[in-house]
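The structure under discussion appears below in the form of structure tokens.
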Amino acid sequence: MNRIALDVESVKTFIYIIDFQSFTKAADALGTTQGAISVKLRRLEERLGYKLIERTPRLVRLSAQGTVFINAAREFIAAHDRAVAALSCECRRFRLGIAEHVAGPEIPVLLAKLNERDPALTIEIRLENSTQLLEAFDSGELDAVIVRQDDDYRSGEDLGPEHFGWFAASNFHQQQGKPLKLASLAPCCRARNIAIDVLNNAGIEWVEVFVGGGNVAIMAAVSAGLAVAAFSCRLAPPDTTEVGKKFELPNLPSSRIILHSKLTDQRSKEALRTLVAAYREHGTS
């Protein structure tokens, strides 16, 4: 039986291409050229005897054999990285900000993936409103931030879509002919303003019956049956349902989740790539 010796850099290149869904972005993250990663991928495919990636001008995806190989490839690289990290006493800090209205159940996954990727990494997470996080990012207090696209229009790494709906508890009662009862954040919240604009444009009367200082307060008010609120579909309270059709409410526009980063050294960029992959896998699924 022939034994195949895998090359770490080639396997890592394969994973980067899939995680970024782009040869160009993978090359940038690895600090090399598109041509160089194409060569490494081809050598890996030749060594394995299978085509791992199918590529068209608009699409990069796993082949059938690549789908079988991808998880084992990740385990191979993770084991390699743990072995290397065990020999290093260098402690590094990763300062990440996540907007409160973006953070969800994927956070434990992100932290676990970062720790697995680099055990010597000290992870600092800040959950605040987007304005505070972006100010901290601009001043150098944070290395990276995750916010919604409508919170900041500068370019960044697109992590995926964010869809919204109108949610209420099963015991919520809306009197016919009366203004829609709303629970929302403070007027400075962009998501709140977008929801209000949508209602105004549709000619729907509304009244704020609850104004909260954070998502937790809004969730509590909606779960208690006090009002309807606009939520990200992935973050709506589990004891609520989408009531847009029931109350004939207009559709809410979708947004995108964006990552902004200033990290430039290779180890930090690899940690960031792990973060991107984990968020895409769990955050917007």
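Residues are named by chain letter and number: chains run A, B, ... in the order of the structure tokens, numbers start at 1 in each chain, and ligands are numbered from 1 in the order shown.
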Would you return as an MDAnalysis selection string the members of region 18-239 of chain A that DSSP assigns to helix (DSSP H, G or I) on this structure's backbone?
chainID A and resid 18:20 23:30 34:48 64:86 107:117 130:138 149:151 190:201 215:223
Report as a PyMOL selection string all protein, DNA and RNA residues lying within 6 Å of Phe231 (chain A), evaluated on only C-alpha atoms, omitting residues in the same chain fewer than 4 positions from it.
chain A and resi 164-165+236
Compare A:Glu242, A:Gly97, A:Ser268, A:Ala78 by their minimum atom-to-atom distance to Leu121 (chain A), counting only C-alpha atoms, and give me the closest one.
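Comparing A:Glu242, A:Gly97, A:Ser268, A:Ala78 against Leu121 (chain A), the winner is A:Ser268.
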DSSP-assigned strand (DSSP E or B) members of region 22-227 of chain A, reported as a PyMOL selection string:
chain A and resi 53-55+60-62+92-99+121-128+144-148+157-162+164-169+180-184+206-211
With only C-alpha atoms counted and 12 Å as the cut-off, give the residues of region 79-185 of chain A in contact with region 3-10 of chain A, each with its shortest interatomic distance in Å and the pair that gives it, as CSV.
```
residue,atom,partner,partner_atom,distance
A:Ala79,CA,A:Val8,CA,10.6
A:His80,CA,A:Val8,CA,7.9
A:Asp81,CA,A:Val8,CA,9.9
```
Considering only C-alpha atoms, return as a VMD selection string whatever protein or nucleic-acid residues lie within 9 Å of region 197-203 of chain A, sequence-local ones (same chain, fewer than 6 positions apart) excluded.
chain A and resid 249 to 253
Residues of region 242-268 of chain A that have any atom at most 8 Å from an atom of region 145-154 of chain A: could you tabulate them with the shortest-distance atom pair and the distance in Å to one decimal, using only C-alpha atoms, ordered by chain and increasing number, as CSV?
```
residue,atom,partner,partner_atom,distance
A:Ser255,CA,A:Gln149,CA,6.2
A:Arg256,CA,A:Gln149,CA,5.2
A:Ile257,CA,A:Arg148,CA,4.6
A:Ile258,CA,A:Val147,CA,5.5
A:Leu259,CA,A:Ile146,CA,4.5
A:His260,CA,A:Val145,CA,5.3
A:Ser261,CA,A:Val145,CA,6.6
```
Selection export as a PDB file, in the first residue's frame, atoms kept: all heavy atoms:
```pdb
ATOM      1  N   SER A 255     -29.290  42.852   5.251  1.00  0.00           N
ATOM      2  CA  SER A 255     -28.009  43.531   5.374  1.00  0.00           C
ATOM      3  C   SER A 255     -26.906  42.491   5.185  1.00  0.00           C
ATOM      4  O   SER A 255     -27.178  41.354   4.783  1.00  0.00           O
ATOM      5  CB  SER A 255     -27.904  44.212   6.743  1.00  0.00           C
ATOM      6  OG  SER A 255     -26.703  44.950   6.845  1.00  0.00           O
ATOM      7  N   ARG A 256     -25.679  42.873   5.443  1.00  0.00           N
ATOM      8  CA  ARG A 256     -24.541  41.951   5.387  1.00  0.00           C
ATOM      9  C   ARG A 256     -23.755  42.091   6.685  1.00  0.00           C
ATOM     10  O   ARG A 256     -23.729  43.153   7.307  1.00  0.00           O
ATOM     11  CB  ARG A 256     -23.604  42.277   4.208  1.00  0.00           C
ATOM     12  CG  ARG A 256     -24.261  42.427   2.872  1.00  0.00           C
ATOM     13  CD  ARG A 256     -24.797  41.152   2.311  1.00  0.00           C
ATOM     14  NE  ARG A 256     -23.790  40.117   2.100  1.00  0.00           N
ATOM     15  CZ  ARG A 256     -24.072  38.924   1.573  1.00  0.00           C
ATOM     16  NH1 ARG A 256     -25.317  38.633   1.218  1.00  0.00           N
ATOM     17  NH2 ARG A 256     -23.136  38.023   1.403  1.00  0.00           N
ATOM     18  N   ILE A 257     -23.119  41.012   7.101  1.00  0.00           N
ATOM     19  CA  ILE A 257     -22.224  41.053   8.248  1.00  0.00           C
ATOM     20  C   ILE A 257     -20.808  41.287   7.710  1.00  0.00           C
ATOM     21  O   ILE A 257     -20.338  40.559   6.840  1.00  0.00           O
ATOM     22  CB  ILE A 257     -22.265  39.743   9.054  1.00  0.00           C
ATOM     23  CG1 ILE A 257     -23.696  39.444   9.502  1.00  0.00           C
ATOM     24  CG2 ILE A 257     -21.334  39.828  10.252  1.00  0.00           C
ATOM     25  CD1 ILE A 257     -24.289  40.476  10.401  1.00  0.00           C
ATOM     26  N   ILE A 258     -20.148  42.310   8.249  1.00  0.00           N
ATOM     27  CA  ILE A 258     -18.841  42.722   7.727  1.00  0.00           C
ATOM     28  C   ILE A 258     -17.777  42.673   8.815  1.00  0.00           C
ATOM     29  O   ILE A 258     -18.023  43.082   9.957  1.00  0.00           O
ATOM     30  CB  ILE A 258     -18.912  44.157   7.141  1.00  0.00           C
ATOM     31  CG1 ILE A 258     -19.970  44.246   6.046  1.00  0.00           C
ATOM     32  CG2 ILE A 258     -17.545  44.583   6.611  1.00  0.00           C
ATOM     33  CD1 ILE A 258     -19.676  43.426   4.818  1.00  0.00           C
ATOM     34  N   LEU A 259     -16.601  42.184   8.456  1.00  0.00           N
ATOM     35  CA  LEU A 259     -15.446  42.168   9.358  1.00  0.00           C
ATOM     36  C   LEU A 259     -14.440  43.216   8.893  1.00  0.00           C
ATOM     37  O   LEU A 259     -14.055  43.236   7.725  1.00  0.00           O
ATOM     38  CB  LEU A 259     -14.790  40.780   9.348  1.00  0.00           C
ATOM     39  CG  LEU A 259     -13.428  40.668  10.029  1.00  0.00           C
ATOM     40  CD1 LEU A 259     -13.568  40.783  11.540  1.00  0.00           C
ATOM     41  CD2 LEU A 259     -12.737  39.352   9.666  1.00  0.00           C
ATOM     42  N   HIS A 260     -14.028  44.083   9.804  1.00  0.00           N
ATOM     43  CA  HIS A 260     -12.961  45.043   9.538  1.00  0.00           C
ATOM     44  C   HIS A 260     -11.753  44.641  10.374  1.00  0.00           C
ATOM     45  O   HIS A 260     -11.891  44.314  11.556  1.00  0.00           O
ATOM     46  CB  HIS A 260     -13.392  46.460   9.908  1.00  0.00           C
ATOM     47  CG  HIS A 260     -14.594  46.944   9.173  1.00  0.00           C
ATOM     48  ND1 HIS A 260     -14.584  47.200   7.821  1.00  0.00           N
ATOM     49  CD2 HIS A 260     -15.854  47.211   9.596  1.00  0.00           C
ATOM     50  CE1 HIS A 260     -15.787  47.611   7.449  1.00  0.00           C
ATOM     51  NE2 HIS A 260     -16.577  47.609   8.501  1.00  0.00           N
ATOM     52  N   SER A 261     -10.578  44.662   9.782  1.00  0.00           N
ATOM     53  CA  SER A 261      -9.385  44.221  10.500  1.00  0.00           C
ATOM     54  C   SER A 261      -8.160  45.037  10.105  1.00  0.00           C
ATOM     55  O   SER A 261      -8.043  45.492   8.964  1.00  0.00           O
ATOM     56  CB  SER A 261      -9.115  42.743  10.208  1.00  0.00           C
ATOM     57  OG  SER A 261      -7.848  42.363  10.696  1.00  0.00           O
TER      58      SER A 261
END
```
Point-to-point distance in Å for CA of Cys233 (chain A) and CA of His163 (chain A):
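So the two atoms, CA of His163 (chain A) and CA of Cys233 (chain A), lie 5.8 Å apart.
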Quick one: residues within 10 Å of region 13-23 of chain A, only C-alpha atoms counted, chain neighbours fewer than 4 positions away excluded, as a ChimeraX atom specification?
/A:8-9,27-30,33-42,44-45,52-53,55,58-62,66,70-71,73-74,77,157-159,270,273-274,276-278,280-281
Neighbouring residues of Asp118 (chain A) were defined as those with any atom within 8 Å, considering only C-alpha atoms; residues of the same chain fewer than 3 positions away were excluded. Please report them as a PDB file with N, CA and C atoms, in the first residue's frame.
```pdb
ATOM      1  N   ASP A  81      -0.722  22.727  13.854  1.00  0.00           N
ATOM      2  CA  ASP A  81      -0.625  24.016  14.535  1.00  0.00           C
ATOM      3  C   ASP A  81      -0.496  23.849  16.048  1.00  0.00           C
ATOM      4  N   ARG A  82      -1.209  22.861  16.610  1.00  0.00           N
ATOM      5  CA  ARG A  82      -1.086  22.620  18.047  1.00  0.00           C
ATOM      6  C   ARG A  82       0.323  22.160  18.399  1.00  0.00           C
ATOM      7  N   ALA A  85       2.543  25.235  18.220  1.00  0.00           N
ATOM      8  CA  ALA A  85       2.234  26.174  19.304  1.00  0.00           C
ATOM      9  C   ALA A  85       2.754  25.668  20.644  1.00  0.00           C
ATOM     10  N   LEU A 114     -10.683  29.737  17.677  1.00  0.00           N
ATOM     11  CA  LEU A 114      -9.481  30.558  17.855  1.00  0.00           C
ATOM     12  C   LEU A 114      -8.514  29.901  18.831  1.00  0.00           C
ATOM     13  N   ASN A 115      -9.044  29.341  19.918  1.00  0.00           N
ATOM     14  CA  ASN A 115      -8.182  28.692  20.898  1.00  0.00           C
ATOM     15  C   ASN A 115      -7.537  27.442  20.322  1.00  0.00           C
ATOM     16  N   LEU A 121      -2.807  32.251  22.247  1.00  0.00           N
ATOM     17  CA  LEU A 121      -3.490  33.511  21.968  1.00  0.00           C
ATOM     18  C   LEU A 121      -4.377  33.922  23.141  1.00  0.00           C
ATOM     19  N   ALA A 271      -5.216  33.515  12.399  1.00  0.00           N
ATOM     20  CA  ALA A 271      -6.269  33.495  13.424  1.00  0.00           C
ATOM     21  C   ALA A 271      -7.533  34.151  12.884  1.00  0.00           C
TER      22      ALA A 271
END
```
Of the residues A:Arg234, A:Lys181, A:Arg192, A:His173, which is the one nearest to Val209 (chain A), using only C-alpha atoms?
A:Lys181
A straight line from CA of Ala224 (chain A) to CA of Phe247 (chain A) spans 18.4 Å
Could you check which of A:Asp239, A:Glu248, A:Glu54, A:Glu100 is closest to Ser170 (chain A), using only C-alpha atoms?
A:Asp239
Could you state the separation of CA of Gly213 (chain A) and CA of Leu133 (chain A) in Å, given to one decimal place?
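If I compute the distance from CA of Gly213 (chain A) to CA of Leu133 (chain A), I get 16.3 Å.
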Which residue is closest to Ile218 (chain A)? Choose from A:Ala230, A:Leu235, A:Ile196, A:Ala183 and count only C-alpha atoms.
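Smallest distance to Ile218 (chain A) is found for A:Ala183.
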